[in-house]
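Enquirer: For reference, the file run-v6.txt (compact mmCIF, C-alpha atoms) is included below:
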```
# COMPACT_ATOMS: atom_id res chain seq x y z
CA MET W 17 -62.10 17.55 83.70
CA ASN W 18 -63.67 17.61 80.21
CA MET W 19 -62.96 14.13 78.84
CA VAL W 20 -64.27 15.06 75.37
CA ALA W 21 -61.83 17.96 75.12
CA ASN W 22 -58.97 15.58 75.94
CA ARG W 23 -60.04 13.00 73.35
CA PRO W 24 -58.05 13.30 70.10
CA ILE W 25 -59.99 14.56 67.11
CA ILE W 26 -57.24 13.19 64.83
CA SER W 27 -54.97 10.26 65.68
CA VAL W 28 -52.08 9.17 63.49
CA ARG W 29 -50.27 5.88 64.04
CA SER W 30 -47.22 4.49 62.21
CA LEU W 31 -48.08 6.58 59.16
CA SER W 32 -45.98 6.77 56.01
CA VAL W 33 -46.98 9.23 53.28
CA GLY W 34 -45.75 9.79 49.75
CA TYR W 35 -46.48 9.31 46.07
CA GLY W 36 -46.85 5.97 44.32
CA ASN W 37 -44.61 3.59 46.24
CA THR W 38 -42.12 6.30 47.24
CA PRO W 39 -42.44 7.47 50.86
CA VAL W 40 -41.74 11.11 51.68
CA LEU W 41 -42.32 10.78 55.44
CA ARG W 42 -42.20 7.58 57.48
CA ASP W 43 -43.41 6.30 60.85
CA LEU W 44 -45.43 9.31 62.03
CA SER W 45 -47.47 9.00 65.21
CA PHE W 46 -49.23 11.90 66.96
CA ASP W 47 -52.57 13.08 68.34
CA CYS W 48 -54.38 16.38 67.69
CA LEU W 49 -56.78 17.63 70.37
CA PRO W 50 -59.78 19.95 69.92
CA GLY W 51 -58.85 23.63 69.97
CA GLN W 52 -55.14 23.10 69.39
CA PHE W 53 -53.06 25.15 66.96
CA ILE W 54 -50.55 22.74 65.41
CA SER W 55 -47.72 24.04 63.21
CA LEU W 56 -45.81 21.87 60.74
CA LEU W 57 -42.30 23.30 60.47
CA GLY W 58 -39.45 22.31 58.19
CA PRO W 59 -37.53 23.25 55.06
CA ASN W 60 -39.06 23.29 51.58
CA GLY W 61 -39.57 19.79 50.23
CA ALA W 62 -39.56 18.18 53.68
CA GLY W 63 -43.06 16.73 53.23
CA LYS W 64 -45.34 19.16 55.08
CA THR W 65 -47.74 19.56 52.14
CA THR W 66 -47.73 15.80 51.49
CA LEU W 67 -48.75 15.19 55.10
CA LEU W 68 -51.57 17.75 54.88
CA ARG W 69 -52.85 16.22 51.65
CA THR W 70 -52.87 12.81 53.28
CA LEU W 71 -54.69 14.07 56.37
CA SER W 72 -57.29 15.68 54.08
CA ARG W 73 -57.64 12.46 52.03
CA HIS W 74 -56.32 14.02 48.84
CA LEU W 75 -53.65 11.30 49.03
CA SER W 76 -53.90 7.77 50.39
CA PRO W 77 -51.50 6.68 53.13
CA LEU W 78 -48.75 4.29 52.06
CA VAL W 79 -48.66 2.63 55.49
CA GLY W 80 -50.34 3.21 58.82
CA GLU W 81 -53.61 4.62 60.06
CA ILE W 82 -55.39 7.97 60.38
CA ARG W 83 -58.46 8.13 62.59
CA VAL W 84 -60.83 11.12 62.77
CA GLN W 85 -63.06 11.21 65.82
CA ASN W 86 -61.92 7.62 66.39
CA ARG W 87 -63.23 6.56 62.94
CA PRO W 88 -60.91 5.43 60.13
CA LEU W 89 -60.37 8.34 57.76
CA ALA W 90 -60.63 6.05 54.73
CA ALA W 91 -64.08 4.83 55.80
CA LEU W 92 -65.69 8.24 56.41
CA PRO W 93 -68.37 9.21 53.87
CA ALA W 94 -67.38 12.35 51.96
CA MET W 95 -70.18 14.46 53.41
CA ASP W 96 -69.34 13.38 56.96
CA LEU W 97 -65.71 14.33 56.41
CA ALA W 98 -66.74 17.70 54.96
CA ARG W 99 -68.70 18.45 58.14
CA ILE W 100 -65.62 17.72 60.24
CA MET W 101 -62.70 18.98 58.15
CA ALA W 102 -62.10 22.00 55.90
CA VAL W 103 -58.99 22.53 53.79
CA VAL W 104 -57.26 25.67 52.48
CA LEU W 105 -54.39 24.76 50.15
CA THR W 106 -51.99 27.04 48.29
CA ASP W 107 -53.63 26.52 44.89
CA ARG W 108 -54.44 29.91 43.38
CA ILE W 109 -58.07 30.01 42.27
CA ALA W 110 -59.98 32.83 40.60
CA PRO W 111 -63.58 31.78 39.89
CA PRO W 112 -65.08 34.24 37.41
CA LEU W 113 -68.19 36.30 38.22
CA PHE W 114 -68.53 35.01 41.78
CA THR W 115 -69.14 37.60 44.45
CA VAL W 116 -67.39 36.98 47.74
CA PHE W 117 -70.69 36.05 49.39
CA GLU W 118 -71.46 33.52 46.64
CA PHE W 119 -67.96 32.05 46.83
CA VAL W 120 -68.08 31.63 50.61
CA ALA W 121 -71.56 30.10 50.28
CA LEU W 122 -69.95 27.21 48.36
CA GLY W 123 -68.65 26.08 51.75
CA ARG W 124 -72.20 25.30 52.85
CA TYR W 125 -72.45 22.26 50.55
CA PRO W 126 -72.25 19.69 53.41
CA HIS W 127 -75.33 21.31 54.99
CA THR W 128 -77.63 22.22 52.07
CA ASP W 129 -80.07 20.04 50.16
CA TYR W 130 -79.10 18.13 47.02
CA LEU W 131 -79.82 21.21 44.89
CA GLY W 132 -77.49 23.37 47.00
CA ARG W 133 -80.21 25.85 47.96
CA LEU W 134 -79.35 28.25 50.78
CA GLY W 135 -81.73 28.68 53.68
CA ALA W 136 -81.78 31.46 56.25
CA GLY W 137 -79.42 29.47 58.48
CA ASP W 138 -76.96 29.01 55.62
CA ARG W 139 -76.94 32.72 54.84
CA LEU W 140 -76.35 33.48 58.49
CA ALA W 141 -73.45 31.01 58.52
CA VAL W 142 -71.88 32.74 55.49
CA THR W 143 -72.25 36.16 57.09
CA THR W 144 -70.86 34.88 60.39
CA SER W 145 -67.88 33.29 58.64
CA LEU W 146 -67.06 36.52 56.79
CA ALA W 147 -67.31 38.45 60.03
CA ALA W 148 -65.00 35.98 61.78
CA VAL W 149 -62.21 36.76 59.31
CA HIS W 150 -62.92 40.51 59.25
CA ALA W 151 -64.12 40.38 55.63
CA LEU W 152 -67.81 41.25 55.90
CA ASP W 153 -67.18 44.48 53.96
CA LEU W 154 -66.02 42.38 50.98
CA ALA W 155 -69.27 40.42 50.63
CA HIS W 156 -70.51 42.12 47.45
CA ARG W 157 -67.17 42.44 45.66
CA LEU W 158 -66.06 40.03 42.93
CA PHE W 159 -63.66 37.39 44.24
CA ALA W 160 -61.43 37.82 41.16
CA ASP W 161 -60.87 41.50 42.02
CA LEU W 162 -59.48 40.89 45.52
CA SER W 163 -55.91 41.34 46.67
CA ASP W 164 -53.90 38.32 47.87
CA GLY W 165 -54.56 39.18 51.50
CA GLU W 166 -58.27 39.62 50.94
CA ARG W 167 -58.46 36.35 49.00
CA GLN W 168 -56.79 34.44 51.81
CA LYS W 169 -59.31 35.71 54.33
CA VAL W 170 -62.18 34.81 52.00
CA LEU W 171 -60.76 31.31 51.46
CA MET W 172 -60.70 30.89 55.24
CA ALA W 173 -64.28 32.18 55.42
CA ARG W 174 -65.39 29.56 52.87
CA ALA W 175 -63.72 26.88 54.99
CA LEU W 176 -65.39 28.21 58.14
CA ALA W 177 -68.77 28.16 56.39
CA GLN W 178 -68.48 24.36 56.45
CA GLU W 179 -68.61 24.68 60.26
CA PRO W 180 -65.63 22.34 60.59
CA GLN W 181 -63.98 21.03 63.70
CA VAL W 182 -60.59 20.77 61.94
CA LEU W 183 -59.03 23.33 59.60
CA LEU W 184 -56.02 22.31 57.48
CA LEU W 185 -53.96 25.08 55.86
CA ASP W 186 -50.90 24.90 53.63
CA GLU W 187 -48.66 27.96 54.08
CA PRO W 188 -51.59 30.34 54.74
CA THR W 189 -49.41 33.48 54.76
CA ILE W 190 -47.03 32.73 51.87
CA HIS W 191 -48.31 35.41 49.43
CA LEU W 192 -49.29 38.02 52.02
CA ASP W 193 -47.79 41.33 53.08
CA LEU W 194 -46.93 41.91 56.72
CA LYS W 195 -50.30 43.42 57.68
CA HIS W 196 -52.27 40.51 56.29
CA ARG W 197 -49.82 37.90 57.62
CA VAL W 198 -50.30 39.20 61.14
CA GLU W 199 -54.05 39.48 60.71
CA VAL W 200 -54.47 35.96 59.29
CA MET W 201 -52.38 34.37 62.07
CA ALA W 202 -54.32 36.27 64.74
CA ILE W 203 -57.61 35.11 63.20
CA LEU W 204 -56.47 31.48 63.16
CA ARG W 205 -55.26 31.66 66.75
CA ASP W 206 -58.57 33.15 67.86
CA LEU W 207 -60.56 30.44 66.03
CA CYS W 208 -58.84 27.84 68.19
CA ARG W 209 -59.71 29.73 71.37
CA THR W 210 -63.23 30.92 70.59
CA LYS W 211 -64.63 28.13 68.40
CA ASN W 212 -62.51 25.20 69.63
CA ILE W 213 -61.39 24.48 66.05
CA THR W 214 -58.22 22.43 65.63
CA VAL W 215 -55.92 24.23 63.21
CA ILE W 216 -53.11 22.29 61.47
CA ALA W 217 -50.96 24.56 59.32
CA SER W 218 -47.66 24.32 57.52
CA LEU W 219 -45.63 27.45 58.25
CA HIS W 220 -42.29 28.97 57.34
CA ASP W 221 -42.16 31.60 60.09
CA VAL W 222 -40.75 29.78 63.09
CA ASP W 223 -41.01 32.92 65.22
CA VAL W 224 -44.74 33.19 64.45
CA ALA W 225 -45.22 29.47 65.12
CA ALA W 226 -43.58 29.88 68.51
CA LYS W 227 -46.10 32.55 69.45
CA VAL W 228 -49.34 30.91 68.25
CA SER W 229 -48.84 27.14 68.44
CA ASP W 230 -49.91 24.67 71.09
CA ARG W 231 -47.87 21.94 69.37
CA VAL W 232 -45.19 22.01 66.70
CA ALA W 233 -44.05 19.18 64.44
CA LEU W 234 -40.44 19.48 63.24
CA ILE W 235 -40.23 17.71 59.88
CA LYS W 236 -36.99 16.88 58.08
CA ASP W 237 -35.04 14.01 56.51
CA GLY W 238 -38.08 11.84 55.88
CA GLY W 239 -39.60 11.95 59.33
CA MET W 240 -40.83 13.95 62.30
CA ILE W 241 -37.74 14.73 64.34
CA ASP W 242 -39.72 16.26 67.21
CA TRP W 243 -43.27 16.91 68.35
CA GLY W 244 -44.26 18.94 71.36
CA ALA W 245 -45.02 22.32 72.86
CA PRO W 246 -43.00 25.08 71.17
CA GLU W 247 -41.62 26.12 74.54
CA SER W 248 -39.74 22.82 74.74
CA ALA W 249 -39.32 21.73 71.10
CA LEU W 250 -38.08 25.02 69.61
CA THR W 251 -34.61 25.17 71.13
CA PRO W 252 -31.84 27.12 69.36
CA GLU W 253 -30.13 23.84 68.51
CA ALA W 254 -33.31 22.23 67.18
CA VAL W 255 -34.21 25.18 64.93
CA ALA W 256 -30.63 25.52 63.66
CA GLY W 257 -30.61 21.82 62.78
CA LEU W 258 -34.05 21.97 61.19
CA TYR W 259 -33.15 24.79 58.79
CA ASP W 260 -29.35 24.32 58.62
CA PHE W 261 -28.71 27.78 60.07
CA ASP W 262 -25.11 28.95 59.99
CA LYS W 263 -25.23 32.67 60.74
CA ALA W 264 -28.48 32.92 62.65
CA GLU W 265 -29.94 31.66 65.92
CA PHE W 266 -33.49 31.28 67.17
CA ASN W 267 -33.96 32.49 70.73
CA ARG W 268 -37.11 31.22 72.41
CA HIS W 269 -36.86 33.86 75.16
CA LEU W 270 -37.07 36.56 72.49
CA GLY W 271 -39.38 34.58 70.22
CA GLY W 272 -37.38 35.40 67.12
CA ILE W 273 -34.27 34.86 65.03
CA GLU W 274 -31.11 36.94 65.39
CA LEU W 275 -28.79 37.34 62.38
CA ARG W 276 -25.10 37.27 63.20
CA GLY W 277 -22.63 39.60 61.49
CA GLU W 278 -19.46 38.65 59.64
CA GLY W 279 -17.19 40.22 62.28
CA ASP W 280 -14.79 41.42 59.59
CA ARG W 281 -14.83 45.13 60.44
CA GLY W 282 -13.23 44.84 63.84
CA ARG W 283 -14.34 44.05 67.36
CA ALA W 284 -16.56 46.19 69.57
CA PHE W 285 -17.05 46.05 73.32
CA VAL W 286 -20.48 47.22 74.46
CA VAL W 287 -21.03 48.34 78.03
CA GLY W 288 -24.70 47.46 78.37
CA GLY W 289 -27.40 46.36 80.74
CA MET W 290 -31.12 46.84 81.45
CA GLY W 291 -31.99 46.24 77.79
CA SER W 292 -29.98 49.25 76.63
CA GLY W 293 -27.55 47.22 74.55
CA ALA W 294 -29.92 45.09 72.43
CA LEU W 295 -30.37 47.67 69.67
CA VAL W 296 -26.63 48.39 69.68
CA TYR W 297 -25.70 44.69 69.36
CA ARG W 298 -27.99 44.24 66.38
CA MET W 299 -26.70 47.38 64.71
CA LEU W 300 -23.06 46.34 65.20
CA ALA W 301 -23.74 42.84 63.86
CA LYS W 302 -25.50 44.32 60.82
CA LYS W 303 -22.48 46.56 60.18
CA GLY W 304 -20.08 43.60 60.33
CA PHE W 305 -18.50 44.01 63.78
CA ALA W 306 -17.70 41.18 66.17
CA ILE W 307 -19.15 41.86 69.62
CA ALA W 308 -18.14 41.48 73.25
CA THR W 309 -20.21 42.84 76.13
CA GLY W 310 -20.44 43.12 79.87
CA VAL W 311 -21.27 43.17 82.57
CA VAL W 312 -24.89 42.05 82.06
CA HIS W 313 -27.23 40.01 84.22
CA THR W 314 -28.16 36.58 82.89
CA ASN W 315 -31.89 37.42 82.89
CA ASP W 316 -31.36 40.71 81.04
CA LEU W 317 -32.70 41.20 77.51
CA ASP W 318 -29.17 42.28 76.58
CA CYS W 319 -27.79 38.90 77.60
CA PHE W 320 -30.29 36.98 75.45
CA VAL W 321 -29.71 39.15 72.37
CA ALA W 322 -25.93 39.22 72.73
CA ARG W 323 -25.62 35.46 73.09
CA SER W 324 -27.90 34.86 70.10
CA LEU W 325 -25.58 37.09 68.07
CA GLY W 326 -22.55 35.07 69.14
CA ALA W 327 -21.11 37.76 71.40
CA ASP W 328 -18.62 37.08 74.19
CA CYS W 329 -20.50 37.97 77.37
CA VAL W 330 -19.37 38.71 80.90
CA THR W 331 -22.36 38.05 83.15
CA VAL W 332 -23.51 37.95 86.74
CA ASP W 333 -26.55 36.26 88.25
CA PRO W 334 -29.89 38.10 88.39
CA MET W 335 -30.14 40.84 91.03
CA GLU W 336 -26.44 40.54 91.92
CA THR W 337 -24.29 43.65 92.23
CA ILE W 338 -21.52 43.68 89.65
CA ASP W 339 -18.43 42.73 91.64
CA ALA W 340 -14.74 43.42 91.11
CA ALA W 341 -14.06 39.98 89.61
CA ALA W 342 -16.69 40.45 86.89
CA ALA W 343 -15.50 44.00 86.21
CA GLN W 344 -11.89 42.80 85.85
CA GLN W 345 -12.98 40.06 83.45
CA ALA W 346 -14.86 42.63 81.38
CA ALA W 347 -11.86 44.99 81.38
CA ALA W 348 -9.65 42.17 80.07
CA LEU W 349 -12.15 41.44 77.30
CA LEU W 350 -12.35 45.15 76.53
CA ASP W 351 -8.56 45.27 75.98
CA ASP W 352 -8.89 42.98 72.98
CA CYS W 353 -11.52 45.18 71.30
CA ASP W 354 -10.97 48.01 68.82
CA PHE W 355 -13.47 50.41 70.36
CA VAL W 356 -16.11 50.66 73.07
CA VAL W 357 -19.77 51.65 73.00
CA ASP W 358 -21.48 53.00 76.11
CA SER W 359 -25.10 52.02 75.48
CA GLY W 360 -26.46 54.68 77.84
CA PHE W 361 -27.69 52.22 80.47
CA MET W 362 -29.33 53.60 83.61
CA ILE W 363 -26.88 53.80 86.49
CA GLY W 364 -27.79 52.34 89.87
CA ALA W 365 -26.11 50.89 92.92
CA GLY W 366 -25.90 47.45 91.30
CA ASN W 367 -24.09 48.48 88.12
CA LEU W 368 -21.76 51.35 89.07
CA ALA W 369 -18.88 49.11 88.00
CA ASN W 370 -20.15 49.33 84.40
CA PHE W 371 -19.81 53.11 84.39
CA ASP W 372 -16.29 52.67 85.74
CA LEU W 373 -15.63 50.40 82.72
CA VAL W 374 -16.33 53.32 80.41
CA GLN W 375 -13.70 55.39 82.19
CA THR W 376 -11.30 52.43 82.17
CA ALA W 377 -11.66 52.24 78.39
CA LEU W 378 -10.80 55.93 78.05
CA ASP W 379 -7.83 55.57 80.40
CA ARG W 380 -6.51 52.75 78.23
CA GLY W 381 -6.73 54.86 75.08
CA LYS W 382 -9.80 53.26 73.59
CA THR W 383 -12.18 55.20 71.38
CA VAL W 384 -15.48 55.30 73.26
CA PHE W 385 -18.79 56.09 71.57
CA SER W 386 -21.51 57.00 74.06
CA LEU W 387 -25.28 57.03 73.74
CA ARG W 388 -25.65 58.51 77.23
CA PRO W 389 -28.21 61.33 77.16
CA HIS W 390 -27.20 64.86 78.12
CA GLU W 391 -29.50 65.35 81.08
CA PRO W 392 -28.96 67.35 84.28
CA GLY W 393 -27.39 65.19 86.96
CA THR W 394 -26.39 62.44 84.53
CA PRO W 395 -22.68 61.55 84.82
CA LEU W 396 -20.86 61.78 81.52
CA ALA W 397 -17.42 60.37 80.84
CA ALA W 398 -15.22 63.14 79.43
CA GLY W 399 -13.50 62.20 76.19
CA CYS W 400 -16.30 60.06 74.75
CA VAL W 401 -17.66 60.58 71.26
CA HIS W 402 -21.23 61.44 72.19
CA CYS W 403 -24.02 60.33 69.87
CA ASN W 404 -27.56 61.44 70.59
CA THR W 405 -29.21 58.64 68.60
CA ALA W 406 -28.44 55.21 67.21
CA VAL W 407 -28.43 56.78 63.74
CA GLN W 408 -25.65 59.16 64.82
CA LEU W 409 -23.75 56.19 66.22
CA ILE W 410 -24.02 54.39 62.87
CA GLU W 411 -22.75 57.48 61.06
CA ALA W 412 -19.84 57.80 63.49
CA LEU W 413 -18.89 54.13 63.06
CA ASP W 414 -19.08 54.40 59.28
CA GLY W 415 -16.19 56.83 59.50
CA PHE W 416 -14.25 54.78 62.04
CA ALA W 417 -11.47 52.45 60.93
CA ALA W 418 -10.79 49.75 63.50
CA PRO W 419 -7.04 49.24 64.18
CA SER W 420 -7.38 45.49 63.63
CA THR W 421 -8.92 46.14 60.22
CA LEU W 422 -6.09 48.48 59.29
CA CYS W 423 -3.55 45.83 60.31
CA ARG W 424 -5.21 43.28 58.04
CA VAL W 425 -5.20 45.75 55.13
CA GLN W 426 -1.50 46.55 55.67
CA GLU W 427 -0.58 42.86 55.91
CA ALA W 428 -2.41 42.17 52.66
```
Spit out the file's structure as structure tokens when you get a sec.
Expert:
Amino acid sequence: MNMVANRPIISVRSLSVGYGNTPVLRDLSFDCLPGQFISLLGPNGAGKTTLLRTLSRHLSPLVGEIRVQNRPLAALPAMDLARIMAVVLTDRIAPPLFTVFEFVALGRYPHTDYLGRLGAGDRLAVTTSLAAVHALDLAHRLFADLSDGERQKVLMARALAQEPQVLLLDEPTIHLDLKHRVEVMAILRDLCRTKNITVIASLHDVDVAAKVSDRVALIKDGGMIDWGAPESALTPEAVAGLYDFDKAEFNRHLGGIELRGEGDRGRAFVVGGMGSGALVYRMLAKKGFAIATGVVHTNDLDCFVARSLGADCVTVDPMETIDAAAAQQAAALLDDCDFVVDSGFMIGAGNLANFDLVQTALDRGKTVFSLRPHEPGTPLAAGCVHCNTAVQLIEALDGFAAPSTLCRVQEA
């Protein structure tokens, strides 16, 4: 076992941070290990930036202690701290007439002589830092002429040129388009793995944090309400409470957030399974339909998506054949729905009862929309409204008036 790797590079004990005599966060205690990616999550104004500024010594702690490599942060000489820690904040800077290479070279100040002269090793460090963030092709361009995404990568390169062991970032993807957001997060994740740098970043994208973090800190109401691995800390209930979600749910199995529909256009029953229903559930929720579904296995993608969208689900255990009891329960749920969607699931010995549900719906006078492909040997339920694509299904539903909706209009 590597004892050095398990020794905290930053330790925080009983820390309160804030401005003047007003605390923003109280009683924080946690350890950061080498090579960890640590995400600070919470709503705007929760105190994430204040914590980062305190860890970087831009602010003094109100109470408590911060130790870096087991040395008090307050006692570290500035040059020693610069060799350990680099900071990328959200301040927009545009230094005039600096090329990218010259700007990144500013990060070498902890390692150059008192005149700031660059040696061969310093130039190599600048080039290596630019290469690490995939920005070597920008070296001779003016920093002021870069796009937001390019600037963010160059700011990270300047921080890496310090050769730090800790990298603090405040909302590193806030001004970036999707391409650069993904690229920046992948770069940061890889720095932890390949260079053993500890990254501490405030983030807004909980789904991204779940995928890249080794630890997450959930920050709200003046404190840290949880700290731990994202696999345990980021429960649907915890994320909903952190951001006050009402019509959305985070699903850690899916690694993302599902947006629930209003349910004011009627109620749909989806005969799904084997991942065939997930796209249909999302489309129905987007269009304002309440959802019921069955019969799906509890380890099926369809089950995870449907439950995150607030659907009523009839389920069976993994690998179990759908039995008569589950099919009857689904048929009863189907009766209370305005229409049925056959998601086009593959038919096998374990889910024949689901295909029977489609016929049951037709026998009971339900309108059935089917995404089942017209292929030789594929059973098709006569009387369905067949849609070849999800787009055709959307178009068909746009022209469909649910009976329950009509009743509400007539009553009004």
Enquirer: What does the structure give for the distance between atom CA of W:Ser76 and atom CA of W:Gly61, in Å to one decimal?
Expert: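 Taking atom CA of W:Ser76 as the start and atom CA of W:Gly61 as the end point, the length is 18.7 Å.
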Enquirer: I'd like to know which of W:Gly288, W:Ala343, W:Leu250, W:Leu56 is closest to W:Pro188, using only C-alpha atoms.
Expert: W:Leu56
Enquirer: Would you kindly return, as a PyMOL selection string, each protein, DNA or RNA residue with an atom no farther than 8 Å from any atom of W:Gly51, considering only C-alpha atoms and excluding same-chain residues fewer than 4 positions away?
Expert: chain W and resi 208-209+211-215
Enquirer: What lies within 8 Å of W:Pro24 using only C-alpha atoms, ignoring chain neighbours under 3 positions off, as a PyMOL selection string?
Expert: chain W and resi 21+27+47-50+85-86
Enquirer: Can you list, as number ranges by chain, every protein, DNA or RNA residue that comes within 12 Å of W:Thr65 when you count all atoms listed in the file, leaving out same-chain residues fewer than 5 positions away?
Expert: W: 33-35, 40-41, 55-60, 70-72, 74-75, 103-107, 184-188, 216-219, 235
Enquirer: Write out as a PDB file with C-alpha atoms, keeping the file's coordinate frame which residues come within 9 Å of W:Ala347 when counting all atoms listed in the file, dropping same-chain ones fewer than 4 positions away.
Expert:
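In the end it all went to out-v8.pdb:
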```pdb
ATOM      1  CA  GLY W 310     -20.440  43.120  79.870  1.00  0.00           C
ATOM      2  CA  ALA W 342     -16.690  40.450  86.890  1.00  0.00           C
ATOM      3  CA  ALA W 343     -15.500  44.000  86.210  1.00  0.00           C
ATOM      4  CA  ASP W 351      -8.560  45.270  75.980  1.00  0.00           C
ATOM      5  CA  LEU W 373     -15.630  50.400  82.720  1.00  0.00           C
ATOM      6  CA  THR W 376     -11.300  52.430  82.170  1.00  0.00           C
ATOM      7  CA  ALA W 377     -11.660  52.240  78.390  1.00  0.00           C
TER       8      ALA W 377
END
```
Enquirer: Atom CA of W:Leu207 and atom CA of W:Gly63 are how many Å apart?
Expert: 25.7 Å
Enquirer: Tell me, in Å to one decimal, how far atom CA of W:Gln345 is from atom CA of W:Leu295.
Expert: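 Separating atom CA of W:Gln345 from atom CA of W:Leu295 is a distance of 23.5 Å.
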Enquirer: Between W:Tyr125, W:Phe385, W:Phe416, W:Phe117, which one has atoms that come closest to W:Val296, using all atoms listed in the file?
Expert: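 Of W:Tyr125, W:Phe385, W:Phe416, W:Phe117, the one nearest W:Val296 is W:Phe385, counting all atoms listed in the file.
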Enquirer: Find the residues with any atom within 10 Å of (-22.6, 53.8, 82.4); use all atoms listed in the file and the coordinates as given in the file, and write the answer as a PyMOL selection string.
Expert: chain W and resi 287-289+358-364+367-375+386-388+394-397
Enquirer: Which residue gives the smallest distance to W:Gly279 among W:Asp379, W:Asp164, W:Asp153, W:Asp354, with only C-alpha atoms counted?
Expert: W:Asp354
Enquirer: Between W:Leu317, W:Leu78, W:Ile54, W:Leu413, single out the one closest to W:Ala225, counting only C-alpha atoms.
Expert: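 Residue with the minimum atom-to-atom distance to W:Ala225: W:Ile54.
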Enquirer: I'd like the neighbourhood of W:Ala327 as a ChimeraX atom specification, where a residue qualifies if any of its atoms comes within 10 Å (using all atoms listed in the file), though same-chain residues fewer than 6 positions away should be ignored.
Expert: /W:276,284-286,297,301,306-309,319,321
